[in-house]
Each structure stands twice: as structure tokens, then as C-alpha cells.
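S.K.: Dropping a structure here in C-alpha cells format, bear with me for questions.
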Amino acid sequence: MTETNSTRASQRAASVRTALTLAGVALVFFIGIILAQGFGPSMIGLGALGVAIVGFPLAAIIGRGRAR
Amino acid sequence: MHTPLTLADDAERLDQPKGILRWLTATNHKDIGTLYLCFSFAMFLVGGLMALTIRAELFQPGLQIVQPEFFNELTTLHGLIMVFGAFMPAFVGFANWQLPMMIGAPDMAFPRLNNFSFWLLPPAAILLVASLFAPGGATGAGWTLYPPLSVQMGPGMDMAIFAIHLLGVSSIVGSINIVTTILNMRAPGMTLMKMPMFVWTWLITAYMIIFVMPVLAGAVTMLLTDRHFDTHFFNAAGGGDPALFQHIFWFFGHPEVYILILPAFGIISQVMPTFARKPLFGYRSMVFATFAIAILGSTVWAHHMFTVGMPVGGQLFFMYATLLIAVPTGIKVFSWIATMWEGSLTFETPMLFAVGFLFVFVIGGLTGVILAIAPVDIQLHQTYYIVAHFHYTMVAGSLFALFAGTYYWIPKWTGHMVDETLGRWHFWLSMIFFNVTFFTMFFLGLAGMPRRIPDYPLQFADLNMIASIGAFGFGLTQLLFLYTVIKCIRGGEKASAKVWDGANGLEWTVPSPAPHHTFQTPPVVA
């Protein structure tokens, strides 16, 4: 693989990661606002916070590990 | 600097599909930008026709042209079409055309996704307009779609909900594309703090869309399940809460105002330094002011709901938070004035519209400060004062900035200069007729005329007549804009690469018209 192709591939991978993260945020907001009305905002709020605290570092660690 | 266009590029272009297939399968950011701009202008005309029907009905008291139910459908569709069909796609069109060129990228990060997000729009527009012919007519619940009315309406409401879903998906996908492009595809050397203001404002706007548009989608989904699946989210008879919908709607709706105005700020921040021949005053503070507006703007939604009934503490919070937005907005206004201060000013059409924007936007902003004060808002709620206020911010604010941007960049898009005389006529007629239409509405509102009514007492007759004359003048003036743009596309004085002598930025380093493919080798920004 040439240097240019390698740069483009890594840029593409970075773009896909960014897009998936943003799509995840949009999905959480969409589902979250509906679930919050069904189960109560506090429960959903705490749930979302829990997922954010545990899930995002976990995803970041796995992602960085895979890159190496 | 960038590698110039090669013959291979042209050959690649020749291999592309021709005719309608070219546009259906377009992945080039410039083609898709053109599609967005054409679509948004078509919707602007459709929404404008609805507005003119409304103004024709209100020309004098009594019922003349339309029945009250149809009047409500027109006001609703006018709002939905203008917000989602005209203004948002217009700014996305600008983003598509300009962002890659301004950051030195060859295209958007996801060209096929870009095509997908555009082609979601026409079906949504067809659904909205076709809902007029559904049994029971289109939704007449206002663009806010408040229950209980929206729960009770006919299938036209379902068509509107589905249209909003499509428009929402399109906006979210488009925004993801924009954020990804800006974060990952900038030219070497272009750090975040070297980005043009238009890019900054779009980055922040795109984040706002990603955060708030799913909330609107969630709200209308709940509305849909209330209508058809026996849920009771907003149905008071089943234990639901109609006021809850208002909270969720305005959690989206107020940021939406900033979604429509922040890219407009970005355009003005590009135009003013060019024609003042000075760098933008206070670039860093402008960036942070944009952040501040976005964050504060997302925390003030309930100022639309002071009359719903909320604790005094809540009213005070939303009132003070709303007033606080005047600080970063003021930073922007004073920075633009400081940019012009002692500049070598010339007033070509883009600059006229930029200065015009400043004038009308400040009127809209200051009346917003008045409306932020809870006791005043309770008095003026649902009056024509509100109609005047938000048309000054969203219509004149956004629209004048869109015109400024069009006149500023169209030589780069078409390779031809705009007919300055026609441009100036367009500006002055727009400015005069806009103010004739909407400034009178402040007085109507202060006198107590409620909005969304097809008939009114005699005391409001004169001002309504003036407003209607202004509206028809404003509408006709936009046909002049259409003619000016078509004339520019068809020919005219050739534009150089750097169209305006005070212009700075990567887009001015490529020839005019901008080649189909630009920056295939990234430029290096010093």
C-alpha cells in the first residue's frame, strides 16, 4: 500500500468512527426521550449516565487496543 | 497550494452520467449543494405562496378567500415548509458547496450518504404538500403540532409526522457528514482555530442538529403511537400530559432557531471582512460566542411556555437564561461593527445584504430580549408581536444572510459576476417591503391582535392592509432574485479566481467556476 493510500485508509477509518459515534448519540437521544416518558426520567437519566460512564471508556479502550 | 485541475479530472467528469441520472446519482459536493439550493428555493416559493394566501385573506376583515380550517392548514404548512423545507436545506446547500472548498478537502467525508440525505427531502416535501388533499385536509395544529389537536386530526397529520421523520433523518445524516468532514478532512496546517467562521458555525450547528433533531423525532413518534397504538403520552384522558409535548417540542424548537441563525452568522462573518478589507474583529471571541449561544440556546426552551403555568422559580430561570443569550449575541454584533470600523468599505450587493442583516437581526434580537421577560411575554403571547419578532430573526436574519452568501459566492459557483444593478434593486426592495410587512405587525401585536386567525375586528384593518401590501411586494421581489440568479448562471462578466479583492480563504485560490473536483491534493495552510 502506498503512503497516500494508507493515509486515505486511515482517514476513512477515522471518518467512519466519528460518524458511528455521532449516529450513536442521535440514537440514544431518540430512544432516550421515548423511554424517559415510559419509565420515568430519573431512571432513564441514571441509566444513560451509567452507560456513559462505563460504556464510553470501554469503547474507547477497545478501539485503541484494536488500533495497535 | 493545491494541484490544478488536470485533463484526467475532465475525463472523469465526461464518464459521469448525464441528464437526470447525473443528479439522481450525484456524489460530488458541488452537485449536491446545487440540488439543495434549488430544492430550498422551490420550497421557499411554495411556502411563500402559502404566506401570500394568508396575507390575501387578512387584507381586510371578514372571510374572503379561504375557510378557517384551510387557513389553519396554510399557517401550519407554511411554518413547516419554510423551516424544514426552505431554510435548513438552503444552509446545507451552502455547507455542501463551501465547506470542502474552505477547509481544502476534495469532497464531503461520505459522498453517497450525502446523496441519500438530499434525496430524502423531495418525498418529505411531497408528503407535506400532498397532505392538503388527504381526507380532512392537512394538519392545522400549527408548526408546533401541539396535542390534543394533533392527536385528533385526520391522516394529513400522519403524513406530516412521516415527513418530519424523513426530514429529521436527512438533517441528522447530513450533520454527521458535516461534522466528520470538518473534523477529519481539513487540509494540513488548518488547525481548528484557523478555520473560517462559516466552518466553525456549521460545526457547532451540526452538533446541535445531532442533539436536538432526534428529540423532535421521538416526540412525533410518541404522537404517532398516541394516535394509532393506544399509548397515552400526551393524551390527558388516558393520564398523559399535553404540556409534556410542549417541553419536548421546544427542547428541539428553540435550538432550531439557532440552527437557522448560526450558519447565517457564519456567512456574515465571511462577507463583512471581505468588503471592509480587514480581518474579522475578535475571531476567538466570535468562536466562543458561537459556542455560548449554542449552549445557552439549548437551556431556554420553556420561555415559549410561560403561559402554560410553571413555578416562579422556573419562570425566573428561563427568563434570566434567555436574557443571558444577549451577551454572546452582542459580542457578535459588536465584532461585526468593529470589523467595519475604519475599514475600506465598499457596498456591493453581498455587503448590502450583510449590513441589512445586521439591521433587521438586531431588531429581531432586541424584541427577543423584550419577550424574554416573563410578565411581558404573558401579555404578548400568541399575538402578532411574536409573529413580527420571529420573522425578523428567522426570516430576515436567515434569509438576508442567505442572499448575502448567494451574491458573495455565486461568481465562484457559476464563473460569472452578478448584475450589480439587479442585486441592488433586489436588496432595497426586499428591505423596504420586509419592514413594511413585519414592522406593522409589532403594532398589531401590541394592540392585541391574536395570530393564527383568518378574521379580525375592524380596528386592525389598516395595519393588516399595509402588511399585506408589503408581503406581496416582498414576494414579487424574490422573483427578481430568481431572474438575477438565472441571468448569472447563463452568462455575464467573467469572474476571476479571487472574485473580491478583500476576500481571503482557500475557496478563492481555485478558478471560477470552481472545477468539478478541487483539492485532490490537499493544500498546505501556512
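Each chain in the C-alpha cells gets a letter, A, B, ..., in the order shown, and its residues are numbered from 1; ligands are numbered from 1 in order too.
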Based on only C-alpha atoms, which of the residues in chain B come within 9 Å of chain A? I want them as a list in words.
M.R.: Ala109, Phe110, Ile172, Val173, Ile176, Asn177, Val179, Thr180, Thr181, Leu183, Asn184, Met185, Tyr207, Ile210, Phe211, Val212, Met213, Pro214, Val215, Leu216, Ala217, Gly218, Ala219, Thr221, Met222, Phe233 and Ile248 of chain B
S.K.: Can you pull out the residues contacting segment 362-366 of chain B? Cut-off 6 Å, using only C-alpha atoms, and skip same-chain residues under 5 positions away; I want them as JSON, numbers by chain.
M.R.: {"B": [389, 392, 393]}
S.K.: Tell me, in Å to one decimal, how far atom CA of Met197 of chain B is from atom CA of Gly266 of chain B.
M.R.: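 We find that atom CA of Met197 of chain B and atom CA of Gly266 of chain B lie 5.2 Å from each other.
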S.K.: Which value, in Å to one decimal, gives the distance between atom CA of Val418 of chain B and atom CA of Cys488 of chain B?
M.R.: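 Atom CA of Cys488 of chain B lies at a distance of 5.4 Å from atom CA of Val418 of chain B.
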S.K.: Show which residues sit within 8 Å of segment 267-271 of chain B, as a PyMOL selection string. Count only C-alpha atoms, and ignore same-chain residues fewer than 5 positions away.
M.R.: chain B and resi 196-198+280+336+350-351+354+401-402+404-405+408
